[in-house]
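Student: Got a structure for you, run_27.txt, holding compact mmCIF, C-alpha atoms and all ligand atoms.
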```
# COMPACT_ATOMS: atom_id res chain seq x y z
CA MET A 30 -28.83 -50.47 24.90
CA LYS A 31 -27.68 -50.29 28.49
CA VAL A 32 -30.75 -50.37 30.72
CA LEU A 33 -30.99 -49.40 34.39
CA ILE A 34 -34.12 -50.52 36.25
CA VAL A 35 -34.68 -48.80 39.58
CA PHE A 36 -37.12 -51.08 41.35
CA ALA A 37 -39.13 -50.26 44.47
CA HIS A 38 -41.13 -53.10 46.03
CA PRO A 39 -40.40 -54.76 49.39
CA GLU A 40 -41.53 -58.28 48.38
CA PRO A 41 -39.32 -60.44 46.12
CA HIS A 42 -42.37 -62.56 45.15
CA SER A 43 -44.66 -59.63 44.36
CA LEU A 44 -46.51 -59.08 41.14
CA SER A 45 -44.21 -56.11 40.54
CA ALA A 46 -41.13 -58.34 40.89
CA ALA A 47 -42.64 -60.88 38.48
CA LEU A 48 -43.24 -58.12 35.91
CA ARG A 49 -39.73 -56.78 36.47
CA ASP A 50 -38.33 -60.23 35.65
CA VAL A 51 -40.48 -60.38 32.50
CA ALA A 52 -39.02 -57.04 31.41
CA ILE A 53 -35.44 -58.12 32.17
CA ARG A 54 -35.80 -61.38 30.23
CA GLU A 55 -37.24 -59.61 27.20
CA LEU A 56 -34.58 -56.90 27.22
CA GLU A 57 -31.75 -59.42 27.60
CA THR A 58 -33.19 -61.63 24.86
CA ALA A 59 -33.05 -58.60 22.56
CA GLY A 60 -29.36 -58.15 23.41
CA HIS A 61 -29.67 -55.25 25.85
CA GLU A 62 -27.52 -55.11 28.97
CA VAL A 63 -29.59 -54.71 32.14
CA ARG A 64 -28.64 -53.57 35.63
CA VAL A 65 -31.12 -53.35 38.51
CA SER A 66 -31.10 -51.13 41.57
CA ASP A 67 -33.49 -53.07 43.84
CA LEU A 68 -33.95 -50.39 46.47
CA TYR A 69 -35.45 -52.49 49.28
CA ALA A 70 -32.92 -55.29 48.70
CA MET A 71 -30.15 -52.68 48.85
CA ASN A 72 -31.63 -51.26 52.07
CA TRP A 73 -31.54 -47.90 50.32
CA LYS A 74 -31.43 -44.91 52.69
CA ALA A 75 -34.40 -42.81 51.68
CA GLN A 76 -34.02 -39.65 53.72
CA VAL A 77 -31.75 -36.71 52.99
CA ASP A 78 -29.88 -35.73 56.14
CA ARG A 79 -26.52 -34.60 57.43
CA ALA A 80 -24.96 -38.04 56.95
CA ASP A 81 -25.22 -37.46 53.19
CA PHE A 82 -22.58 -34.75 53.40
CA PRO A 83 -19.61 -36.06 55.40
CA ALA A 84 -17.44 -33.11 54.34
CA LEU A 85 -19.94 -30.51 55.61
CA THR A 86 -18.38 -28.16 58.14
CA GLU A 87 -21.20 -25.61 58.59
CA ASP A 88 -23.46 -25.93 61.67
CA ARG A 89 -26.59 -25.48 59.62
CA LEU A 90 -27.55 -28.02 56.96
CA MET A 91 -28.85 -26.37 53.79
CA PRO A 92 -29.57 -29.44 51.62
CA ALA A 93 -29.26 -27.86 48.17
CA ALA A 94 -26.07 -25.97 49.02
CA ALA A 95 -24.59 -29.06 50.68
CA SER A 96 -25.50 -31.17 47.64
CA LYS A 97 -23.86 -28.63 45.30
CA HIS A 98 -20.65 -28.61 47.33
CA ALA A 99 -20.53 -32.39 47.71
CA PHE A 100 -21.10 -33.01 44.00
CA ALA A 101 -18.50 -30.40 42.99
CA THR A 102 -15.89 -31.75 45.40
CA GLY A 103 -16.59 -35.45 44.86
CA THR A 104 -17.66 -35.90 48.48
CA LEU A 105 -21.12 -37.39 47.99
CA THR A 106 -21.55 -40.71 49.79
CA ASP A 107 -20.52 -43.89 47.97
CA ASP A 108 -24.10 -45.18 47.58
CA VAL A 109 -25.16 -41.97 45.82
CA LYS A 110 -22.02 -41.89 43.65
CA ALA A 111 -22.71 -45.47 42.56
CA GLU A 112 -26.25 -44.58 41.44
CA ILE A 113 -24.99 -41.50 39.58
CA ASP A 114 -22.47 -43.71 37.78
CA LYS A 115 -25.28 -46.11 36.82
CA LEU A 116 -27.34 -43.21 35.44
CA LEU A 117 -24.38 -42.02 33.37
CA TRP A 118 -23.84 -45.60 32.15
CA ALA A 119 -27.46 -46.23 31.12
CA ASP A 120 -29.08 -45.39 27.77
CA LEU A 121 -32.51 -46.18 29.22
CA LEU A 122 -33.74 -45.66 32.79
CA ILE A 123 -36.84 -47.51 33.98
CA LEU A 124 -38.46 -46.56 37.29
CA HIS A 125 -40.62 -49.53 38.34
CA PHE A 126 -43.01 -49.26 41.30
CA PRO A 127 -46.53 -49.89 42.63
CA LEU A 128 -48.68 -46.77 42.83
CA TRP A 129 -48.93 -45.90 46.51
CA TRP A 130 -51.15 -42.97 47.39
CA TYR A 131 -51.10 -41.80 43.79
CA ALA A 132 -47.33 -41.49 43.82
CA MET A 133 -44.12 -43.49 43.99
CA PRO A 134 -43.18 -45.34 47.22
CA ALA A 135 -41.18 -43.18 49.63
CA ILE A 136 -38.00 -45.23 49.13
CA LEU A 137 -37.98 -44.34 45.42
CA LYS A 138 -38.69 -40.68 46.09
CA GLY A 139 -35.73 -40.83 48.46
CA TRP A 140 -33.59 -42.27 45.67
CA VAL A 141 -34.47 -39.24 43.55
CA ASP A 142 -33.92 -36.80 46.43
CA ARG A 143 -30.45 -38.15 47.12
CA VAL A 144 -29.17 -39.18 43.67
CA TYR A 145 -30.35 -36.09 41.81
CA ALA A 146 -27.53 -33.94 43.15
CA TYR A 147 -27.21 -30.18 42.57
CA GLY A 148 -24.91 -29.72 39.59
CA PHE A 149 -25.81 -33.18 38.28
CA ALA A 150 -29.60 -33.22 37.83
CA TYR A 151 -30.40 -29.59 38.65
CA GLY A 152 -28.53 -26.33 38.85
CA VAL A 153 -27.02 -27.16 35.44
CA GLY A 154 -26.21 -24.49 32.83
CA GLU A 155 -26.54 -20.71 32.81
CA HIS A 156 -29.10 -19.22 35.19
CA SER A 157 -29.86 -15.60 34.32
CA ASP A 158 -32.74 -13.36 33.24
CA THR A 159 -32.36 -14.74 29.72
CA ARG A 160 -31.72 -18.39 30.47
CA TRP A 161 -33.08 -20.54 33.29
CA GLY A 162 -30.64 -23.39 33.22
CA ASP A 163 -30.40 -26.52 31.12
CA ARG A 164 -33.57 -28.36 32.08
CA PHE A 165 -36.84 -29.69 30.67
CA GLY A 166 -35.38 -31.27 27.57
CA GLU A 167 -31.75 -30.32 28.21
CA GLY A 168 -29.32 -31.26 30.95
CA THR A 169 -26.88 -33.91 32.08
CA LEU A 170 -29.09 -36.82 31.02
CA ALA A 171 -30.10 -35.49 27.59
CA GLY A 172 -29.95 -38.08 24.84
CA LYS A 173 -31.03 -40.90 27.15
CA ARG A 174 -34.49 -42.46 27.37
CA ALA A 175 -36.62 -43.12 30.43
CA MET A 176 -40.00 -44.62 31.26
CA LEU A 177 -42.17 -45.81 34.14
CA ILE A 178 -43.55 -49.29 34.81
CA VAL A 179 -46.39 -48.92 37.31
CA THR A 180 -48.93 -51.25 38.90
CA ALA A 181 -52.14 -49.69 40.23
CA GLY A 182 -54.85 -51.29 42.35
CA GLY A 183 -57.58 -49.07 40.88
CA TRP A 184 -59.47 -49.74 37.68
CA GLU A 185 -58.32 -48.20 34.40
CA GLU A 186 -61.63 -46.29 34.24
CA HIS A 187 -60.87 -44.69 37.62
CA TYR A 188 -57.81 -43.12 35.94
CA SER A 189 -59.55 -42.07 32.71
CA PRO A 190 -60.02 -38.37 31.79
CA ARG A 191 -63.25 -38.18 33.86
CA GLY A 192 -62.25 -40.78 36.46
CA VAL A 193 -62.43 -39.85 40.13
CA ASN A 194 -58.70 -40.51 40.73
CA GLY A 195 -57.65 -38.04 38.07
CA PRO A 196 -56.14 -38.99 34.69
CA ILE A 197 -53.11 -41.25 35.05
CA ASP A 198 -50.91 -39.07 32.84
CA ASP A 199 -51.66 -36.10 35.10
CA LEU A 200 -50.90 -38.08 38.27
CA LEU A 201 -47.60 -39.28 36.80
CA PHE A 202 -46.68 -35.87 35.33
CA PRO A 203 -44.65 -34.85 38.41
CA ILE A 204 -42.46 -37.89 37.69
CA THR A 205 -42.45 -38.05 33.91
CA HIS A 206 -42.10 -34.32 33.29
CA ASN A 207 -40.69 -32.87 36.49
CA ILE A 208 -38.29 -35.66 37.48
CA LEU A 209 -37.38 -37.38 34.18
CA TYR A 210 -37.74 -34.69 31.52
CA TYR A 211 -36.21 -32.08 33.86
CA PRO A 212 -32.60 -33.38 33.66
CA GLY A 213 -32.98 -34.14 29.97
CA PHE A 214 -34.41 -37.63 29.50
CA ASP A 215 -36.64 -38.32 26.51
CA VAL A 216 -39.62 -39.82 28.32
CA LEU A 217 -41.55 -42.71 26.80
CA PRO A 218 -45.24 -43.24 27.57
CA SER A 219 -45.72 -44.99 30.91
CA PHE A 220 -46.60 -48.68 31.08
CA VAL A 221 -49.42 -48.96 33.64
CA THR A 222 -51.22 -52.13 34.74
CA TYR A 223 -54.54 -51.63 36.54
CA SER A 224 -56.75 -53.64 38.96
CA THR A 225 -53.62 -55.39 40.16
CA ASP A 226 -55.05 -56.60 43.45
CA ARG A 227 -57.38 -58.94 41.54
CA PHE A 228 -54.79 -60.58 39.33
CA ASP A 229 -54.95 -64.18 38.15
CA ASP A 230 -52.77 -66.15 35.73
CA ALA A 231 -54.70 -65.04 32.63
CA ARG A 232 -54.49 -61.37 33.53
CA PHE A 233 -50.83 -61.76 34.42
CA GLU A 234 -50.05 -63.28 31.04
CA ALA A 235 -51.90 -60.47 29.24
CA ALA A 236 -49.99 -57.84 31.21
CA ALA A 237 -46.71 -59.69 30.70
CA GLU A 238 -47.21 -59.87 26.95
CA ALA A 239 -48.06 -56.16 26.73
CA LEU A 240 -44.91 -55.42 28.73
CA ARG A 241 -42.79 -57.69 26.50
CA GLN A 242 -44.02 -55.72 23.50
CA ARG A 243 -43.10 -52.41 25.15
CA MET A 244 -39.63 -53.77 25.92
CA ARG A 245 -39.21 -54.94 22.30
CA ASP A 246 -40.07 -51.39 21.18
CA VAL A 247 -38.01 -49.35 23.66
CA GLU A 248 -35.54 -48.11 21.08
CA THR A 249 -38.19 -46.92 18.62
CA THR A 250 -41.15 -45.80 20.77
CA ALA A 251 -41.79 -42.08 20.25
CA PRO A 252 -41.20 -40.03 23.42
CA ILE A 253 -43.97 -37.93 24.96
CA PRO A 254 -43.72 -34.64 23.00
CA TYR A 255 -43.03 -32.35 25.96
CA ARG A 256 -42.06 -28.81 25.08
CA LYS A 257 -38.42 -27.82 25.55
CA GLN A 258 -37.99 -25.06 28.12
CA ASN A 259 -35.39 -23.31 25.96
CA GLY A 260 -37.07 -24.05 22.63
CA GLY A 261 -38.89 -20.72 22.38
CA ASP A 262 -42.30 -21.77 23.76
CA TYR A 263 -41.86 -20.18 27.20
CA VAL A 264 -41.44 -16.61 28.39
CA ILE A 265 -38.12 -16.27 30.24
CA PRO A 266 -37.76 -15.73 33.19
CA THR A 267 -41.40 -16.25 34.21
CA MET A 268 -41.37 -19.66 32.47
CA GLN A 269 -44.98 -19.38 31.36
CA LEU A 270 -46.13 -20.91 28.11
CA LYS A 271 -46.56 -18.18 25.53
CA PRO A 272 -50.20 -17.55 24.63
CA GLY A 273 -51.72 -19.16 21.56
CA LEU A 274 -49.37 -22.14 21.20
CA GLU A 275 -51.81 -24.75 22.48
CA ALA A 276 -54.66 -26.37 20.61
CA PRO A 277 -58.03 -24.77 21.49
CA GLY A 278 -59.43 -26.11 24.76
CA THR A 279 -56.11 -27.49 26.06
CA SER A 280 -55.50 -26.85 29.75
CA GLY A 281 -53.59 -28.19 32.74
CA PHE A 282 -50.52 -30.38 32.29
CA ALA A 283 -51.39 -31.03 28.64
CA LEU A 284 -50.28 -27.45 27.90
CA HIS A 285 -46.70 -28.67 28.20
CA ARG A 286 -47.00 -31.11 25.30
CA ARG A 287 -46.60 -30.01 21.72
CA GLY A 288 -49.56 -30.80 19.52
P1 LIG B 301 -48.96 -58.06 44.81
O1 LIG B 301 -49.62 -57.61 46.08
O2 LIG B 301 -47.69 -58.79 44.93
O3 LIG B 301 -49.98 -58.97 43.99
C1 LIG B 301 -51.23 -58.49 43.55
C2 LIG B 301 -52.08 -59.64 43.06
O4 LIG B 301 -51.42 -60.25 41.96
C3 LIG B 301 -52.30 -60.73 44.10
O5 LIG B 301 -53.63 -61.17 43.96
C4 LIG B 301 -51.33 -61.80 43.72
O6 LIG B 301 -51.80 -63.08 44.06
C5 LIG B 301 -51.27 -61.64 42.21
N1 LIG B 301 -49.99 -62.05 41.67
C6 LIG B 301 -48.77 -61.76 42.17
N2 LIG B 301 -47.80 -62.29 41.40
C7 LIG B 301 -48.45 -62.96 40.40
C8 LIG B 301 -47.99 -63.71 39.30
N3 LIG B 301 -46.69 -63.90 39.06
N4 LIG B 301 -48.92 -64.22 38.46
C9 LIG B 301 -50.23 -64.03 38.67
N5 LIG B 301 -50.71 -63.28 39.72
C10 LIG B 301 -49.83 -62.77 40.57
N6 LIG B 301 -53.69 -48.37 44.22
C11 LIG B 301 -54.12 -47.32 43.46
O7 LIG B 301 -54.68 -47.53 42.38
N7 LIG B 301 -53.90 -46.03 43.86
C12 LIG B 301 -53.27 -45.75 45.01
O8 LIG B 301 -53.07 -44.57 45.33
C13 LIG B 301 -52.84 -46.82 45.84
N8 LIG B 301 -52.22 -46.56 47.01
C14 LIG B 301 -51.74 -47.62 47.74
C15 LIG B 301 -51.02 -47.34 48.91
C16 LIG B 301 -50.46 -48.38 49.63
C17 LIG B 301 -49.65 -48.05 50.87
C18 LIG B 301 -50.65 -49.72 49.22
C19 LIG B 301 -50.06 -50.87 50.01
C20 LIG B 301 -51.36 -50.00 48.07
C21 LIG B 301 -51.90 -48.95 47.32
N9 LIG B 301 -52.60 -49.18 46.13
C22 LIG B 301 -53.05 -48.14 45.39
C23 LIG B 301 -52.69 -50.55 45.57
C24 LIG B 301 -51.37 -50.91 44.90
O9 LIG B 301 -51.13 -50.07 43.78
C25 LIG B 301 -51.39 -52.37 44.48
O10 LIG B 301 -51.51 -53.14 45.66
C26 LIG B 301 -50.13 -52.76 43.74
O11 LIG B 301 -50.01 -52.08 42.52
C27 LIG B 301 -50.12 -54.25 43.44
O12 LIG B 301 -48.83 -54.59 42.97
P2 LIG B 301 -47.90 -55.56 43.84
O13 LIG B 301 -46.67 -55.80 43.08
O14 LIG B 301 -47.79 -55.02 45.22
O15 LIG B 301 -48.83 -56.84 43.81
```
Transcribe the structure of this file into structure tokens.
Ligand code: FAD

Tutor:
Amino acid sequence: MKVLIVFAHPEPHSLSAALRDVAIRELETAGHEVRVSDLYAMNWKAQVDRADFPALTEDRLMPAAASKHAFATGTLTDDVKAEIDKLLWADLLILHFPLWWYAMPAILKGWVDRVYAYGFAYGVGEHSDTRWGDRFGEGTLAGKRAMLIVTAGGWEEHYSPRGVNGPIDDLLFPITHNILYYPGFDVLPSFVTYSTDRFDDARFEAAAEALRQRMRDVETTAPIPYRKQNGGDYVIPTMQLKPGLEAPGTSGFALHRRG
């Protein structure tokens, strides 16, 4: 497989960087080809602004419209075009980051904001009263796999179904479902390491071995069974899950998984 790791940590000697290198070694040992977008090392520009659209002639910047025009006319900036090319190249995308305020670091969110151009990651396919685009299971990146590698300072129990932080799968849902599944990726379960601020060599080796196993299994791991938007489970155009499809007692984000 061709694997793209988009990595977001400012410190080359961080725990996250050490885990990234474990993942790379395991993937390469298995014969996969790996490329890394190390966002801090690249000095990645995180904010969307007028400089992203050098061909824009209007006085007023409307980011989505500008993105649509720039993608259609090939006038996105070179850094964004390069990341789009990497996404098209890859069979597997890994977003790797420390959990900061229950979300991805701003530099990685800025990668999504800028690289996910209109016409590439969204605004794809027919939009009408009977079809709401190719998204959530369909889209430009359909047929590819994606997953998260995340380090969290909090305990695993803090992220359990009754944990005060909220369940980890719910906290990551805006990324796994709404950023990765949206343009078509099959999304593998996230690899999350907890209590990371109290790491020692023994805990590192345990985490590294669990990560090696996940990397060995990337081609065969079953994706999270999210429901396809256009698979008949949702009312179009309100995009609500049809009644009665969920198991009794299911609520919240879990509604959007089959079974
Ligand atoms: P590092 O800081 O690099 O290292 C962590 C520990 O691992 C250190 O003790 C270090 O000595 C050790 N270590 C590093 N490398 C190795 C190695 N190779 N072998 C053995 N040990 C090693 N946590 C949450 O749970 N929820 C949050 O919402 C949250 N928000 C945060 C917001 C901010 C702005 C920040 C800075 C932190 C936040 N945290 C949060 C904590 C954060 O998730 C952890 O600090 C982070 O995941 C640790 O990963 P790291 O790569 O930065 O580790």

Student: Using only C-alpha atoms and all ligand atoms, what are the residues with an atom within 9 Å of ligand LIG 301 (chain B), set out as number ranges by chain?

Tutor: A: 38-48, 126-132, 134, 179-185, 187-188, 194, 222-234

Student: What gap, in Å, lies between CA of Asp262 (chain A) and CA of His156 (chain A)?

Tutor: 17.6 Å

Student: For Ala251 (chain A), which residue out of A:Val216, A:Leu85, A:Met91, A:Leu201 is the nearest one, using all atoms listed in the file?

Tutor: A:Val216

Student: Interatomic distance between CA of Tyr147 (chain A) and CA of Ala175 (chain A)?

Tutor: 20.1 Å

Student: Work out how far CA of Pro203 (chain A) is from CA of Trp161 (chain A), in Å to one decimal.

Tutor: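 Going from CA of Trp161 (chain A) over to CA of Pro203 (chain A), I get 19.1 Å.
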
Student: Nearest to Gly195 (chain A): which of A:Thr86, A:Phe282, A:Ser66, A:Ile136 is it, counting all atoms listed in the file?

Tutor: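 Result for the nearest residue to Gly195 (chain A): A:Phe282.
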
Student: Would you mind listing what lies within 6 Å of Val65 (chain A) as a count of residues only, with only C-alpha atoms counted and same-chain residues fewer than 4 positions away left out?

Tutor: 3

Student: Give me, as a ChimeraX atom specification, all polymer residues having an atom no more than 12 Å from Thr205 (chain A), counting all atoms listed in the file and skipping those fewer than 2 positions away in the same chain.

Tutor: /A:122-124,132-133,165-166,174-178,197-203,207-220,252-255,282,285-286

Student: Skipping near chain neighbours, those fewer than 6 positions away, what residues fall within 9 Å of Thr169 (chain A) using only C-alpha atoms, listed as a ChimeraX atom specification?

Tutor: /A:117,148-151,153,163,212-214

Student: Take the residues from that selection and write them out as a tab-separated table (two decimals), in the frame of the given file, keeping C-alpha atoms.

Tutor:
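As written to disk, part09.tsv reads:
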```tsv
chain	number	residue	atom	x	y	z
A	117	LEU	CA	-24.38	-42.02	33.37
A	148	GLY	CA	-24.91	-29.72	39.59
A	149	PHE	CA	-25.81	-33.18	38.28
A	150	ALA	CA	-29.60	-33.22	37.83
A	151	TYR	CA	-30.40	-29.59	38.65
A	153	VAL	CA	-27.02	-27.16	35.44
A	163	ASP	CA	-30.40	-26.52	31.12
A	212	PRO	CA	-32.60	-33.38	33.66
A	213	GLY	CA	-32.98	-34.14	29.97
A	214	PHE	CA	-34.41	-37.63	29.50
```

Student: With only C-alpha atoms as the atoms that count, which of A:Gln258, A:Gly278, A:Asp107, A:Val63 lies nearest to Arg164 (chain A)?

Tutor: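 The closest residue to Arg164 (chain A) is A:Gln258.
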
Student: Can you work out which one of A:Ala101, A:Leu56, A:Ala37, A:Met71 has the shortest atom-to-atom distance to Arg241 (chain A), counting only C-alpha atoms?

Tutor: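 That would be A:Leu56, the residue with the smallest distance to Arg241 (chain A).
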
Student: Anything within 12 Å of (-23.1, -34.8, 51.8): list those residues as a ChimeraX atom specification, counting only C-alpha atoms and sticking to the file's coordinates.

Tutor: /A:77-87,90-110,143-144,146-147

Student: Measuring between all atoms listed in the file, which one of A:Asp158, A:Arg64, A:Val193, A:Arg89 shows the shortest distance to Lys115 (chain A)?

Tutor: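 Once distances to Lys115 (chain A) are computed over all atoms listed in the file, the minimum belongs to A:Arg64.
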
Student: In terms of the shortest atom-to-atom distance over only C-alpha atoms, which of A:Met244, A:Arg256, A:Gly273, A:Pro266 is closest to Asp50 (chain A)?

Tutor: A:Met244

Student: Starting from the sparse input, extend region 198-208 of chain A to all heavy atoms and give the output as a tab-separated table (two decimals), keeping the file's coordinate frame.

Tutor:
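New file rebuild_20.tsv:
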```
chain	number	residue	atom	x	y	z
A	198	ASP	N	-52.04	-39.86	33.33
A	198	ASP	CA	-50.91	-39.07	32.84
A	198	ASP	C	-50.70	-37.80	33.67
A	198	ASP	O	-49.58	-37.32	33.80
A	198	ASP	CB	-51.11	-38.71	31.36
A	198	ASP	CG	-50.89	-39.91	30.45
A	198	ASP	OD1	-50.29	-40.91	30.90
A	198	ASP	OD2	-51.32	-39.85	29.27
A	199	ASP	N	-51.80	-37.26	34.22
A	199	ASP	CA	-51.66	-36.10	35.10
A	199	ASP	C	-51.02	-36.51	36.42
A	199	ASP	O	-50.14	-35.82	36.94
A	199	ASP	CB	-53.03	-35.47	35.39
A	199	ASP	CG	-53.54	-34.62	34.23
A	199	ASP	OD1	-52.88	-34.60	33.16
A	199	ASP	OD2	-54.60	-33.98	34.38
A	200	LEU	N	-51.46	-37.65	36.98
A	200	LEU	CA	-50.90	-38.08	38.27
A	200	LEU	C	-49.41	-38.39	38.15
A	200	LEU	O	-48.64	-38.16	39.08
A	200	LEU	CB	-51.64	-39.33	38.77
A	200	LEU	CG	-53.10	-39.07	39.18
A	200	LEU	CD1	-53.83	-40.38	39.34
A	200	LEU	CD2	-53.17	-38.26	40.46
A	201	LEU	N	-49.02	-38.91	36.99
A	201	LEU	CA	-47.60	-39.28	36.80
A	201	LEU	C	-46.77	-38.12	36.27
A	201	LEU	O	-45.53	-38.23	36.23
A	201	LEU	CB	-47.50	-40.49	35.86
A	201	LEU	CG	-48.16	-41.78	36.38
A	201	LEU	CD1	-48.03	-42.90	35.34
A	201	LEU	CD2	-47.54	-42.22	37.71
A	202	PHE	N	-47.40	-37.02	35.89
A	202	PHE	CA	-46.68	-35.87	35.33
A	202	PHE	C	-45.55	-35.36	36.25
A	202	PHE	O	-44.46	-35.04	35.75
A	202	PHE	CB	-47.68	-34.74	35.03
A	202	PHE	CG	-47.11	-33.51	34.40
A	202	PHE	CD1	-47.07	-33.36	33.01
A	202	PHE	CD2	-46.63	-32.46	35.17
A	202	PHE	CE1	-46.57	-32.21	32.42
A	202	PHE	CE2	-46.13	-31.31	34.60
A	202	PHE	CZ	-46.10	-31.18	33.22
A	203	PRO	N	-45.77	-35.29	37.56
A	203	PRO	CA	-44.65	-34.85	38.41
A	203	PRO	C	-43.42	-35.75	38.29
A	203	PRO	O	-42.31	-35.31	38.58
A	203	PRO	CB	-45.24	-34.91	39.83
A	203	PRO	CG	-46.71	-34.75	39.63
A	203	PRO	CD	-47.01	-35.49	38.34
A	204	ILE	N	-43.62	-37.00	37.88
A	204	ILE	CA	-42.46	-37.89	37.69
A	204	ILE	C	-41.98	-37.81	36.25
A	204	ILE	O	-40.79	-37.58	36.00
A	204	ILE	CB	-42.82	-39.35	38.04
A	204	ILE	CG1	-43.48	-39.43	39.42
A	204	ILE	CG2	-41.57	-40.23	37.97
A	204	ILE	CD1	-44.00	-40.81	39.78
A	205	THR	N	-42.90	-37.98	35.30
A	205	THR	CA	-42.45	-38.05	33.91
A	205	THR	C	-41.87	-36.72	33.43
A	205	THR	O	-40.82	-36.68	32.78
A	205	THR	CB	-43.61	-38.48	32.98
A	205	THR	OG1	-44.72	-37.60	33.16
A	205	THR	CG2	-44.02	-39.91	33.26
A	206	HIS	N	-42.56	-35.64	33.75
A	206	HIS	CA	-42.10	-34.32	33.29
A	206	HIS	C	-41.10	-33.68	34.25
A	206	HIS	O	-40.04	-33.22	33.85
A	206	HIS	CB	-43.32	-33.41	33.09
A	206	HIS	CG	-43.00	-32.06	32.52
A	206	HIS	ND1	-42.74	-30.96	33.30
A	206	HIS	CD2	-42.90	-31.63	31.23
A	206	HIS	CE1	-42.49	-29.91	32.52
A	206	HIS	NE2	-42.58	-30.29	31.26
A	207	ASN	N	-41.47	-33.69	35.54
A	207	ASN	CA	-40.69	-32.87	36.49
A	207	ASN	C	-39.50	-33.60	37.12
A	207	ASN	O	-38.65	-32.96	37.73
A	207	ASN	CB	-41.62	-32.35	37.59
A	207	ASN	CG	-42.66	-31.39	37.03
A	207	ASN	OD1	-42.58	-30.98	35.88
A	207	ASN	ND2	-43.65	-31.05	37.83
A	208	ILE	N	-39.46	-34.93	36.98
A	208	ILE	CA	-38.29	-35.66	37.48
A	208	ILE	C	-37.47	-36.24	36.32
A	208	ILE	O	-36.24	-36.18	36.34
A	208	ILE	CB	-38.71	-36.78	38.46
A	208	ILE	CG1	-39.23	-36.15	39.77
A	208	ILE	CG2	-37.55	-37.74	38.74
A	208	ILE	CD1	-39.76	-37.14	40.79
```
